[in-house]
$ cat protein28.cif   # mmCIF, C-alpha atoms
data_final
loop_
_atom_site.label_atom_id
_atom_site.label_comp_id
_atom_site.auth_asym_id
_atom_site.auth_seq_id
_atom_site.Cartn_x
_atom_site.Cartn_y
_atom_site.Cartn_z
CA MET M 1 21.43 3.86 14.97
CA LYS M 2 19.42 6.86 16.19
CA TYR M 3 18.08 9.76 14.15
CA SER M 4 16.88 12.84 16.03
CA VAL M 5 14.01 14.98 14.80
CA PHE M 6 13.40 18.57 15.89
CA PRO M 7 9.75 19.24 16.72
CA PRO M 8 7.86 21.58 14.41
CA THR M 9 6.07 24.74 15.44
CA VAL M 10 2.60 23.90 16.76
CA LEU M 11 -0.16 24.95 14.35
CA ALA M 12 -2.94 27.12 15.71
CA GLY M 13 -6.26 27.51 15.29
CA GLY M 14 -21.41 8.18 -8.01
CA VAL M 15 -21.01 11.93 -7.30
CA LEU M 16 -17.45 13.16 -7.29
CA LEU M 17 -16.94 16.11 -4.99
CA ALA M 18 -13.93 18.38 -5.52
CA VAL M 19 -11.60 19.85 -2.91
CA GLY M 20 -10.13 23.25 -3.74
CA CYS M 21 -10.15 24.91 -7.14
CA GLY M 22 -8.41 24.05 -10.37
CA LYS M 23 -6.00 27.03 -10.71
CA LEU M 24 -4.18 27.33 -7.38
CA PRO M 25 -0.48 28.16 -7.00
CA ASN M 26 1.69 25.73 -5.06
CA GLN M 27 1.20 26.26 -1.33
CA LEU M 28 4.06 25.03 0.84
CA ASP M 29 3.25 24.10 4.43
CA ASP M 30 6.27 25.27 6.45
CA ARG M 31 5.07 23.76 9.73
CA TRP M 32 6.66 20.38 9.10
CA SER M 33 9.83 19.48 10.99
CA PRO M 34 13.06 19.66 8.95
CA PRO M 35 13.66 16.52 6.85
CA VAL M 36 15.91 13.92 8.46
CA LYS M 37 17.53 11.10 6.49
CA VAL M 38 16.62 7.77 8.11
CA ALA M 39 17.70 5.22 5.47
CA VAL M 40 18.27 4.73 1.74
CA SER M 41 16.12 2.96 -0.82
CA ILE M 42 17.20 -0.07 -2.82
CA ASP M 43 17.01 1.58 -6.24
CA ASN M 44 15.53 5.10 -6.73
CA LEU M 45 11.83 4.80 -5.70
CA ALA M 46 12.05 1.06 -5.00
CA GLY M 47 12.52 -0.23 -1.46
CA GLY M 48 10.90 2.26 0.86
CA ILE M 49 9.79 1.89 4.51
CA ARG M 50 6.25 0.70 5.25
CA LEU M 51 4.75 1.97 8.52
CA HIS M 52 2.51 0.20 11.03
CA LYS M 53 1.24 1.06 14.50
CA PHE M 54 3.07 -1.01 17.11
CA GLN M 55 1.72 -0.97 20.69
CA ASN M 56 2.03 2.72 21.69
CA THR M 57 4.47 3.73 18.95
CA ILE M 58 5.19 3.22 15.23
CA MET M 59 7.20 0.49 13.53
CA GLY M 60 8.67 0.72 10.05
CA LEU M 61 9.86 -2.18 7.95
CA GLN M 62 12.09 -2.02 4.89
CA SER M 63 12.14 -5.18 2.79
CA LEU M 64 15.62 -5.93 1.40
CA PRO M 65 16.87 -8.41 -1.19
CA GLY M 66 17.66 -11.96 -0.14
CA GLY M 67 14.93 -12.30 2.47
CA PHE M 68 16.38 -9.61 4.77
CA ALA M 69 14.65 -6.65 6.37
CA LYS M 70 15.42 -3.64 8.52
CA TRP M 71 13.06 -2.58 11.30
CA PHE M 72 12.68 1.00 12.52
CA PHE M 73 11.00 2.07 15.77
CA LEU M 74 9.88 5.54 16.82
CA ASN M 75 11.02 6.69 20.26
CA ARG M 76 8.24 9.12 21.16
CA THR M 77 10.15 10.53 24.13
CA ASN M 78 12.78 12.29 22.01
CA ASN M 79 11.24 12.03 18.53
CA SER M 80 13.95 9.76 17.16
CA TRP M 81 14.03 6.58 15.07
CA PHE M 82 16.05 3.50 15.96
CA GLU M 83 17.24 1.15 13.24
CA THR M 84 17.73 -2.52 14.09
CA ALA M 85 20.29 -4.90 12.69
CA ARG M 86 19.19 -6.80 9.61
CA VAL M 87 16.56 -9.44 10.27
CA SER M 88 16.41 -12.55 8.09
CA ALA M 89 13.49 -14.79 7.21
CA PRO M 90 13.63 -18.46 6.18
CA THR M 91 14.63 -19.10 2.58
CA GLY M 92 11.99 -18.03 0.08
CA TYR M 93 10.17 -15.53 2.28
CA LEU M 94 9.95 -11.87 1.36
CA TRP M 95 8.93 -9.12 3.76
CA GLY M 96 6.76 -7.18 1.33
CA TRP M 97 3.36 -8.45 2.54
CA TRP M 98 3.76 -8.75 6.30
CA ALA M 99 0.79 -8.26 8.61
CA LEU M 100 1.05 -7.12 12.22
CA GLU M 101 -1.24 -7.17 15.26
CA PRO M 102 -0.06 -4.03 17.13
CA GLN M 103 -0.87 -4.94 20.73
CA SER M 104 0.17 -8.60 20.74
CA LYS M 105 3.24 -7.82 18.56
CA ARG M 106 2.48 -10.88 16.42
CA LEU M 107 3.70 -10.79 12.83
CA LEU M 108 2.42 -12.90 9.91
CA LEU M 109 4.61 -13.47 6.88
CA PRO M 110 3.19 -15.41 3.88
CA GLU M 111 4.98 -17.13 0.98
CA GLY M 112 3.59 -19.06 -1.95
CA HIS M 113 4.50 -20.34 -5.40
CA VAL M 114 3.50 -22.86 -8.05
CA GLU M 115 5.57 -26.03 -8.17
CA ASN M 116 4.99 -29.27 -10.10
CA GLY M 117 1.42 -28.31 -10.92
CA GLN M 118 0.50 -27.57 -7.30
CA LEU M 119 0.14 -24.45 -5.22
CA VAL M 120 2.67 -24.48 -2.36
CA MET M 121 1.85 -22.15 0.54
CA ARG M 122 3.74 -21.32 3.72
CA ALA M 123 2.90 -18.99 6.61
CA LEU M 124 5.37 -17.85 9.25
CA LEU M 125 3.94 -16.51 12.52
CA GLY M 126 6.04 -15.05 15.33
CA THR M 127 6.26 -12.34 18.00
CA ILE M 128 8.44 -9.23 17.76
CA GLU M 129 10.51 -8.91 20.94
CA GLU M 130 12.04 -5.84 22.58
CA ASN M 131 15.42 -6.69 21.02
CA ALA M 132 13.75 -6.55 17.58
CA ARG M 133 13.95 -10.28 17.05
CA LEU M 134 11.19 -12.66 16.00
CA SER M 135 10.53 -15.18 18.77
CA ASP M 136 8.18 -18.17 19.08
CA ALA M 137 8.26 -18.46 15.30
CA THR M 138 6.20 -21.29 13.82
CA GLU M 139 5.74 -22.21 10.18
CA LYS M 140 2.86 -24.01 8.50
CA LYS M 141 3.00 -25.45 4.99
CA TRP M 142 0.11 -26.68 2.88
CA LEU M 143 -0.61 -27.70 -0.72
CA ALA M 144 -3.51 -27.12 -3.10
CA ASP M 145 -4.02 -28.89 -6.42
CA LYS M 146 -5.58 -27.50 -9.57
CA LYS M 147 -9.03 -28.86 -8.79
CA SER M 148 -9.18 -27.29 -5.34
CA CYS M 149 -8.12 -23.94 -6.86
CA PHE M 150 -10.32 -23.83 -9.97
CA GLY M 151 -12.81 -26.68 -9.69
CA GLU M 152 -13.31 -29.07 -12.61
CA THR M 153 -11.24 -28.02 -15.64
CA ASP M 154 -9.89 -29.68 -18.76
CA GLU M 155 -6.40 -31.12 -18.87
CA ASN M 156 -4.98 -28.09 -20.71
CA VAL M 157 -5.48 -25.80 -17.71
CA GLN M 158 -2.39 -25.20 -15.58
CA LEU M 159 -1.69 -23.22 -12.43
CA LYS M 160 0.32 -20.21 -13.57
CA GLU M 161 0.82 -17.35 -11.10
CA LEU M 162 0.10 -16.47 -7.47
CA TYR M 163 0.01 -12.93 -6.09
CA LEU M 164 -0.15 -12.36 -2.34
CA GLY M 165 -1.19 -9.19 -0.55
CA VAL M 166 -1.41 -7.60 2.89
CA GLY M 167 -3.24 -9.81 5.39
CA SER M 168 -4.88 -9.45 8.78
CA ILE M 169 -4.34 -10.81 12.33
CA ASN M 170 -7.17 -10.73 14.87
CA GLY M 171 -6.50 -13.06 17.77
CA SER M 172 -6.65 -16.61 16.42
CA GLU M 173 -8.19 -15.39 13.14
CA LEU M 174 -5.58 -15.01 10.40
CA TYR M 175 -6.13 -13.93 6.79
CA ILE M 176 -3.81 -13.85 3.74
CA ALA M 177 -5.10 -12.12 0.59
CA TYR M 178 -4.33 -13.74 -2.76
CA CYS M 179 -4.98 -13.65 -6.52
CA LEU M 180 -4.37 -16.91 -8.41
CA ASN M 181 -4.11 -17.16 -12.19
CA GLY M 182 -4.41 -20.20 -14.44
CA GLU M 183 -3.47 -20.65 -18.07
CA ARG M 184 -4.89 -22.69 -20.94
CA ARG M 185 -2.12 -22.92 -23.58
CA THR M 186 -2.01 -19.34 -24.94
CA GLU M 187 -5.18 -18.18 -23.15
CA ARG M 188 -5.19 -16.64 -19.67
CA GLY M 189 -7.52 -18.05 -17.05
CA PRO M 190 -9.30 -19.42 -15.13
CA PHE M 191 -8.85 -17.12 -12.12
CA ASN M 192 -9.40 -17.30 -8.37
CA THR M 193 -9.27 -14.33 -5.98
CA GLY M 194 -9.85 -14.61 -2.24
CA VAL M 195 -8.18 -15.31 1.09
CA PHE M 196 -6.43 -18.09 2.94
CA HIS M 197 -8.08 -18.23 6.37
CA SER M 198 -7.00 -19.83 9.62
CA SER M 199 -9.33 -19.81 12.64
CA ASP M 200 -6.86 -21.61 14.94
CA ALA M 201 -3.84 -19.29 14.98
CA GLY M 202 -2.23 -20.82 11.91
CA GLN M 203 -2.52 -24.52 12.70
CA THR M 204 -4.83 -25.19 9.75
CA TRP M 205 -5.68 -23.12 6.68
CA GLN M 206 -8.61 -23.04 4.25
CA MET M 207 -8.97 -21.35 0.89
CA GLU M 208 -11.99 -19.03 0.71
CA ARG M 209 -12.67 -18.16 -2.92
CA ILE M 210 -14.39 -14.77 -3.29
CA SER M 211 -14.54 -14.31 -7.07
CA ASP M 212 -13.41 -15.87 -10.34
CA PHE M 213 -12.08 -12.78 -12.14
CA GLU M 214 -8.47 -11.75 -12.71
CA GLY M 215 -7.15 -9.57 -9.90
CA GLU M 216 -4.00 -7.80 -8.77
CA GLU M 217 -2.70 -6.23 -5.56
CA PRO M 218 -5.13 -7.92 -3.15
CA SER M 219 -5.48 -6.89 0.49
CA VAL M 220 -7.66 -7.71 3.48
CA CYS M 221 -8.39 -5.59 6.57
CA LYS M 222 -10.76 -5.68 9.54
CA SER M 223 -13.18 -3.05 10.83
CA LYS M 224 -15.17 -3.54 14.03
CA ASN M 225 -17.75 -5.88 12.50
CA TYR M 226 -16.46 -6.92 9.06
CA TYR M 227 -13.47 -8.21 7.16
CA TYR M 228 -12.99 -6.34 3.89
CA TYR M 229 -11.23 -7.72 0.81
CA PHE M 230 -9.99 -5.44 -2.00
CA THR M 231 -8.41 -6.17 -5.37
CA GLN M 232 -7.70 -4.39 -8.64
CA ARG M 233 -9.16 -5.87 -11.80
CA GLY M 234 -6.98 -6.05 -14.90
CA LEU M 235 -7.31 -5.18 -18.55
CA SER M 236 -9.44 -8.23 -19.38
CA HIS M 237 -12.14 -6.81 -17.05
CA ALA M 238 -11.85 -3.10 -18.01
CA TYR M 239 -9.97 -2.29 -14.79
CA GLY M 240 -11.71 -1.16 -11.61
CA LEU M 241 -11.30 -1.51 -7.84
CA TRP M 242 -13.45 -4.28 -6.33
CA PHE M 243 -14.31 -5.34 -2.81
CA SER M 244 -16.13 -7.91 -0.74
CA ARG M 245 -16.79 -8.26 2.99
CA LYS M 246 -17.91 -10.83 5.53
CA PRO M 247 -19.05 -10.54 9.17
CA VAL M 248 -16.44 -10.93 11.89
CA GLU M 249 -18.85 -13.15 13.85
CA GLY M 250 -19.01 -15.69 11.03
CA GLY M 251 -20.67 -16.16 7.69
CA SER M 252 -19.65 -16.09 4.05
CA TRP M 253 -18.19 -13.40 1.84
CA GLU M 254 -20.65 -11.15 0.06
CA SER M 255 -20.75 -11.12 -3.73
CA SER M 256 -17.96 -8.96 -5.12
CA GLY M 257 -18.94 -5.35 -5.72
CA GLU M 258 -17.35 -2.57 -7.72
CA LEU M 259 -16.02 0.28 -5.60
CA THR M 260 -15.05 2.30 -8.68
CA LYS M 261 -15.06 1.77 -12.45
CA THR M 262 -12.38 4.39 -13.02
CA PHE M 263 -9.39 2.95 -11.17
CA ALA M 264 -6.13 4.03 -12.82
CA THR M 265 -5.11 1.76 -15.70
CA VAL M 266 -1.35 2.44 -15.47
CA TYR M 267 0.44 1.61 -12.21
CA GLY M 268 -2.72 2.25 -10.21
CA ARG M 269 -2.43 2.27 -6.43
CA TYR M 270 -4.95 2.28 -3.59
CA ALA M 271 -4.92 2.27 0.22
CA ALA M 272 -7.60 0.86 2.55
CA VAL M 273 -7.47 1.55 6.30
CA PRO M 274 -10.04 0.51 8.95
CA GLU M 275 -10.80 2.59 12.02
CA ALA M 276 -13.45 1.37 14.50
CA ASP M 277 -16.61 0.60 12.45
CA THR M 278 -15.46 2.37 9.26
CA VAL M 279 -13.18 1.53 6.34
CA HIS M 280 -11.49 4.44 4.54
CA VAL M 281 -10.21 4.03 0.96
CA CYS M 282 -8.29 6.25 -1.45
CA TRP M 283 -7.04 5.46 -4.94
CA MET M 284 -5.61 6.77 -8.20
CA ASP M 285 -8.58 7.55 -10.45
CA CYS M 286 -8.57 7.97 -14.24
CA ARG M 287 -12.03 9.47 -14.94
CA ASN M 288 -10.54 12.84 -15.93
CA ASP M 289 -7.49 11.47 -17.73
CA MET M 290 -6.14 12.71 -21.01
CA LYS M 291 -4.45 9.38 -21.74
CA ARG M 292 -1.50 9.45 -24.16
CA PHE M 293 0.12 6.59 -26.03
CA ASN M 294 3.76 6.06 -25.09
CA VAL M 295 5.96 4.17 -27.56
CA ASP M 296 8.69 3.70 -24.92
CA GLY M 297 6.54 2.12 -22.23
CA PRO M 298 3.11 2.11 -20.58
CA ASN M 299 0.62 4.78 -21.60
CA ILE M 300 0.80 8.13 -19.80
CA GLU M 301 -2.06 9.02 -17.44
CA ASN M 302 -2.76 12.06 -15.32
CA ASP M 303 -4.82 10.62 -12.47
CA ASP M 304 -6.68 12.15 -9.52
CA ILE M 305 -6.60 10.97 -5.89
CA VAL M 306 -10.15 10.03 -4.88
CA TYR M 307 -11.48 9.07 -1.42
CA CYS M 308 -14.58 7.43 0.06
CA HIS M 309 -15.53 5.48 3.20
CA ARG M 310 -18.10 3.03 4.46
CA LYS M 311 -19.45 2.35 7.91
CA ASP M 312 -20.30 -1.24 8.81
CA SER M 313 -23.96 -0.29 9.13
CA ASP M 314 -24.10 1.53 5.75
CA SER M 315 -25.73 -0.06 2.72
CA GLY M 316 -23.11 1.42 0.40
CA TRP M 317 -20.09 3.67 0.08
CA SER M 318 -20.03 7.41 0.74
CA LYS M 319 -19.84 9.99 -2.03
CA GLU M 320 -16.45 10.09 -3.72
CA VAL M 321 -14.25 13.12 -3.13
CA ASN M 322 -11.48 14.32 -5.45
CA LEU M 323 -8.72 15.26 -2.99
CA SER M 324 -6.14 16.39 -5.56
CA LYS M 325 -8.12 18.98 -7.50
CA GLY M 326 -5.70 21.38 -9.16
CA LEU M 327 -2.86 18.87 -9.67
CA LEU M 328 -2.22 17.47 -13.13
CA TYR M 329 -0.30 14.34 -12.09
CA THR M 330 -0.67 12.30 -8.87
CA TYR M 331 0.85 9.00 -7.71
CA SER M 332 1.04 6.49 -4.83
CA PRO M 333 -1.67 7.66 -2.38
CA ILE M 334 -1.46 6.55 1.24
CA LEU M 335 -3.72 7.33 4.21
CA SER M 336 -3.85 7.05 7.98
CA VAL M 337 -6.76 7.45 10.40
CA GLU M 338 -7.01 8.21 14.12
CA GLY M 339 -10.55 8.65 15.37
CA ASN M 340 -12.19 11.26 13.13
CA ASN M 341 -8.81 12.61 11.97
CA ILE M 342 -7.61 11.48 8.54
CA VAL M 343 -4.50 12.34 6.53
CA VAL M 344 -3.93 11.39 2.88
CA ALA M 345 -0.54 11.93 1.21
CA TRP M 346 0.69 11.35 -2.34
CA SER M 347 3.33 12.50 -4.80
CA GLY M 348 2.52 14.68 -7.78
CA ILE M 349 2.84 17.99 -9.57
CA ARG M 350 0.44 20.76 -10.63
CA SER M 351 1.74 21.05 -14.19
CA ALA M 352 4.27 19.19 -16.33
CA GLY M 353 4.88 17.93 -19.85
CA LYS M 354 2.66 15.38 -21.56
CA HIS M 355 5.15 12.54 -20.98
CA HIS M 356 5.53 13.11 -17.23
CA ASN M 357 5.54 10.01 -14.95
CA GLU M 358 6.11 8.96 -11.34
CA TYR M 359 9.90 8.86 -11.77
CA ASP M 360 10.14 12.45 -12.98
CA ALA M 361 10.32 15.43 -10.62
CA ASN M 362 7.35 15.45 -8.21
CA ASP M 363 6.62 16.77 -4.73
CA ILE M 364 4.78 15.36 -1.70
CA TYR M 365 1.28 16.74 -1.11
CA TYR M 366 -1.20 16.07 1.68
CA VAL M 367 -4.75 16.85 2.81
CA THR M 368 -6.53 16.30 6.11
CA SER M 369 -10.06 15.82 7.43
CA LYS M 370 -11.08 16.23 11.07
CA ASP M 371 -14.67 15.03 10.68
CA GLY M 372 -14.24 11.47 9.45
CA GLY M 373 -13.90 12.34 5.76
CA MET M 374 -16.92 14.63 5.38
CA THR M 375 -14.87 17.78 4.64
CA TRP M 376 -11.24 18.22 3.57
CA THR M 377 -8.50 20.83 3.46
CA LYS M 378 -6.97 21.92 0.17
CA PRO M 379 -3.77 20.15 -0.97
CA LEU M 380 -0.59 21.52 0.59
CA MET M 381 3.03 20.75 -0.30
CA VAL M 382 5.43 19.11 2.14
CA THR M 383 8.41 19.29 -0.22
CA ASP M 384 9.35 21.91 -2.79
CA LYS M 385 12.10 20.24 -4.82
CA ALA M 386 10.39 19.42 -8.12
CA LYS M 387 11.24 22.88 -9.45
CA ASP M 388 14.91 21.88 -9.04
CA GLY M 389 14.48 18.60 -10.93
CA ILE M 390 14.37 16.47 -7.75
CA ASN M 391 11.71 13.80 -7.27
CA SER M 392 9.98 13.14 -3.93
CA GLY M 393 7.87 9.99 -4.06
CA LYS M 394 6.35 6.85 -2.52
CA PRO M 395 5.15 8.51 0.73
CA GLN M 396 4.23 6.56 3.84
CA VAL M 397 2.17 8.28 6.53
CA MET M 398 0.98 7.44 10.04
CA LEU M 399 -1.16 9.37 12.55
CA LEU M 400 -0.30 8.75 16.20
CA ASN M 401 -1.53 10.77 19.19
CA GLY M 402 -2.32 13.82 17.11
CA VAL M 403 0.95 13.90 15.17
CA ILE M 404 1.42 13.14 11.45
CA HIS M 405 4.54 11.06 10.75
CA LEU M 406 5.72 11.00 7.13
CA PHE M 407 8.38 9.07 5.19
CA TYR M 408 9.25 9.57 1.51
CA ILE M 409 12.04 8.80 -0.96
CA GLN M 410 13.85 11.66 -2.66
CA GLY M 411 16.39 11.89 -5.49
CA ALA M 412 16.99 12.61 -9.15
CA LEU M 413 17.19 10.10 -11.98
CA GLU M 414 20.62 9.63 -13.45
CA LYS M 415 21.05 9.54 -17.18
CA ALA M 416 21.50 6.06 -18.67
CA LYS M 417 25.20 5.24 -19.04
CA GLN M 418 26.59 3.42 -22.07
CA ILE M 419 29.01 0.80 -20.80
CA SER M 420 29.94 -0.45 -24.28
CA PRO M 421 28.43 -0.23 -27.77
CA GLY M 422 24.89 -1.59 -27.54
CA LEU M 423 25.05 -2.04 -23.74
CA THR M 424 23.46 0.62 -21.54
CA LYS M 425 23.36 0.68 -17.73
CA LEU M 426 19.85 1.60 -16.55
CA ASN M 427 20.09 0.87 -12.82
CA GLN M 428 19.80 3.85 -10.51
CA ARG M 429 21.55 4.46 -7.23
CA PRO M 430 19.72 4.21 -3.91
CA TRP M 431 17.99 7.43 -2.88
CA PRO M 432 17.69 8.87 0.64
CA ILE M 433 14.54 8.12 2.65
CA TYR M 434 13.50 11.17 4.66
CA TYR M 435 11.27 11.59 7.71
CA GLN M 436 9.21 14.64 8.71
CA GLN M 437 6.41 15.24 11.21
CA ARG M 438 3.94 17.89 12.26
CA PRO M 439 0.92 18.18 14.58
CA PHE M 440 -2.42 17.36 13.02
CA PRO M 441 -3.98 20.71 11.95
CA ASN M 442 -6.68 22.07 14.25
#

$ encode --input "protein28.cif" --output "structure tokens"
Amino acid sequence: MKYSVFPPTVLAGGVLLAVGCGKLPNQLDDRWSPPVKVAVSIDNLAGGIRLHKFQNTIMGLQSLPGGFAKWFFLNRTNNSWFETARVSAPTGYLWGWWALEPQSKRLLLPEGHVENGQLVMRALLGTIEENARLSDATEKKWLADKKSCFGETDENVQLKELYLGVGSINGSELYIAYCLNGERRTERGPFNTGVFHSSDAGQTWQMERISDFEGEEPSVCKSKNYYYYFTQRGLSHAYGLWFSRKPVEGGSWESSGELTKTFATVYGRYAAVPEADTVHVCWMDCRNDMKRFNVDGPNIENDDIVYCHRKDSDSGWSKEVNLSKGLLYTYSPILSVEGNNIVVAWSGIRSAGKHHNEYDANDIYYVTSKDGGMTWTKPLMVTDKAKDGINSGKPQVMLLNGVIHLFYIQGALEKAKQISPGLTKLNQRPWPIYYQQRPFPN
């Protein structure tokens, strides 16, 4: 299937820094191309399209139930997207944490679970062909017992949960990010966060333990000279976003360090993107929250979107910048980098009631920097539907050859339907996934 896009008008011409001022009206940027429906989600905001650079274009992947996926490719000649037939993975694999090496077209797909007191890991490695099929696919399976995961423990300790994250492919060097939890009767722990590492293109794998605290949403990425590992810390460690790094040329992981102590405590999200010798990071930050208790679910937070970066040669991270100054609620930040040009997008709203959340009516906002993150534009709106009760959320963004490419999900929550006395249907319908683009602002 092909979806055409009409080109937009070309546009002319520990300290937290703030972008913009706190009392600005909504400013809609009308230089984006008209929205084009490319696909539908699985269930309201769930099941979007994740973007990745692929040779000289962009590839999108939508993970579907049952081990299936749809791939989308940008045709830069006529600004259209092509959707492939459904692609299936071997039983048990999910497409949520795939890693891709853009030039070689190699794709890494991890899978892991706890079975009979052991950790069972699998890694599928293949090459994406022109017909959108995975060729030369090879699979490696390995096991790890409790001792190799946690060291010496008493007999009451059991392997409990494994969380995998986005990995990295660099030639024969492969990395899979993980967080592993143990349990001692009714007590959580011990914990193990780190990476599975292969230095021989997936033939053999080793566990590299980075820290022993509880983590969530791990990821690993590569700059010019370092591999960086990120993970969120949970309630038992007062939250926070943590990192470690190790030299590309060999060596061990540095001791874990705290990137921020004020990572969002409710559905926090972050994005980390390397470009040359620099890693750029943005996240949901709760330092200015007016947190409210919510009897019907998780507490309500009104977070900011905060950014910083680090060059390989730097001794620490840059000053933090509040990119979303003037918005009351912000969610799901995502960023893309091309040279010194950076774009950060998120969903949010400038003002709303005290029980507002990500599934209520929000719009897509974005900011840009053309000097490597030193200075930033003020937040501008891409969509303007929240005033009509429509939610635009879970953006995905990619910079390619001076053009910003943006995906997001859009729809309105349906009221819960009572099927019979005491039985209520909560599931939502799939929502459209829209695509827009515009030149990077000069």

$ closest_atom_pairs --input "protein28.cif" --of "segment 380-405 of chain M" --to "segment 361-373 of chain M" --cutoff "8 Å" --atoms "all atoms listed in the file" --output "CSV"
residue,atom,partner,partner_atom,distance
M:Leu380,CA,M:Tyr365,CA,5.4
M:Met381,CA,M:Tyr365,CA,4.4
M:Val382,CA,M:Ile364,CA,5.4
M:Thr383,CA,M:Asp363,CA,5.5
M:Asp384,CA,M:Asp363,CA,6.1
M:Lys385,CA,M:Asp363,CA,6.5
M:Ala386,CA,M:Ala361,CA,4.7
M:Lys387,CA,M:Ala361,CA,7.6
M:Gly389,CA,M:Ala361,CA,5.2
M:Ile390,CA,M:Ala361,CA,5.1
M:Asn391,CA,M:Ala361,CA,4.0
M:Ser392,CA,M:Asp363,CA,5.0
M:Gly393,CA,M:Ile364,CA,6.6
M:Pro395,CA,M:Ile364,CA,7.3

$ resolve_selection --input "protein28.cif" --expression "the PyMOL selection byres ((chain M and resi 339) around 10)" --output "PyMOL selection string"
chain M and resi 275-276+337-338+340-342+370-372+399+402

$ closest_residue --input "protein28.cif" --among "M:Ser351, M:Thr265, M:Ser211, M:Gln203" --to "Tyr178 of chain M" --atoms "only C-alpha atoms"
M:Ser211

$ resolve_selection --input "protein28.cif" --expression "the PyMOL selection byres ((chain M and resi 149-160) around 12)" --output "MDAnalysis selection string"
chainID M and resid 113:120 143:148 161:163 178:196 206:213

$ closest_atom_pairs --input "protein28.cif" --of "segment 261-371 of chain M" --to "segment 240-255 of chain M" --cutoff "9 Å" --atoms "only C-alpha atoms" --output "tab-separated table"
residue	atom	partner	partner_atom	distance
M:Lys261	CA	M:Gly240	CA	4.5
M:Thr262	CA	M:Gly240	CA	5.8
M:Phe263	CA	M:Gly240	CA	4.7
M:Ala264	CA	M:Gly240	CA	7.7
M:Thr265	CA	M:Gly240	CA	8.3
M:Tyr270	CA	M:Leu241	CA	8.5
M:Trp283	CA	M:Leu241	CA	8.7

$ build_atoms --input "protein28.cif" --residues "segment 391-395 of chain M" --atoms "all heavy atoms" --output "mmCIF file, in the frame of the given file"
data_model
loop_
_atom_site.group_PDB
_atom_site.id
_atom_site.type_symbol
_atom_site.label_atom_id
_atom_site.label_comp_id
_atom_site.auth_asym_id
_atom_site.auth_seq_id
_atom_site.Cartn_x
_atom_site.Cartn_y
_atom_site.Cartn_z
ATOM 1 N N ASN M 391 12.964 14.537 -7.448
ATOM 2 C CA ASN M 391 11.710 13.800 -7.270
ATOM 3 C C ASN M 391 11.535 13.369 -5.822
ATOM 4 O O ASN M 391 12.452 12.805 -5.214
ATOM 5 C CB ASN M 391 11.714 12.550 -8.171
ATOM 6 C CG ASN M 391 10.377 11.811 -8.149
ATOM 7 O OD1 ASN M 391 9.366 12.358 -7.721
ATOM 8 N ND2 ASN M 391 10.374 10.581 -8.614
ATOM 9 N N SER M 392 10.366 13.631 -5.259
ATOM 10 C CA SER M 392 9.980 13.140 -3.930
ATOM 11 C C SER M 392 8.800 12.208 -4.135
ATOM 12 O O SER M 392 7.769 12.632 -4.672
ATOM 13 C CB SER M 392 9.592 14.294 -3.000
ATOM 14 O OG SER M 392 10.631 15.252 -2.921
ATOM 15 N N GLY M 393 8.914 10.942 -3.722
ATOM 16 C CA GLY M 393 7.870 9.990 -4.060
ATOM 17 C C GLY M 393 7.685 8.887 -3.045
ATOM 18 O O GLY M 393 8.380 8.806 -2.034
ATOM 19 N N LYS M 394 6.709 8.023 -3.325
ATOM 20 C CA LYS M 394 6.350 6.850 -2.520
ATOM 21 C C LYS M 394 6.210 7.200 -1.027
ATOM 22 O O LYS M 394 6.900 6.657 -0.162
ATOM 23 C CB LYS M 394 7.381 5.734 -2.701
ATOM 24 C CG LYS M 394 7.422 5.171 -4.112
ATOM 25 C CD LYS M 394 6.129 4.449 -4.446
ATOM 26 C CE LYS M 394 6.134 3.930 -5.887
ATOM 27 N NZ LYS M 394 7.024 2.797 -6.114
ATOM 28 N N PRO M 395 5.308 8.133 -0.681
ATOM 29 C CA PRO M 395 5.150 8.510 0.730
ATOM 30 C C PRO M 395 4.545 7.386 1.553
ATOM 31 O O PRO M 395 3.810 6.537 1.047
ATOM 32 C CB PRO M 395 4.205 9.705 0.669
ATOM 33 C CG PRO M 395 3.396 9.480 -0.578
ATOM 34 C CD PRO M 395 4.339 8.844 -1.556
#
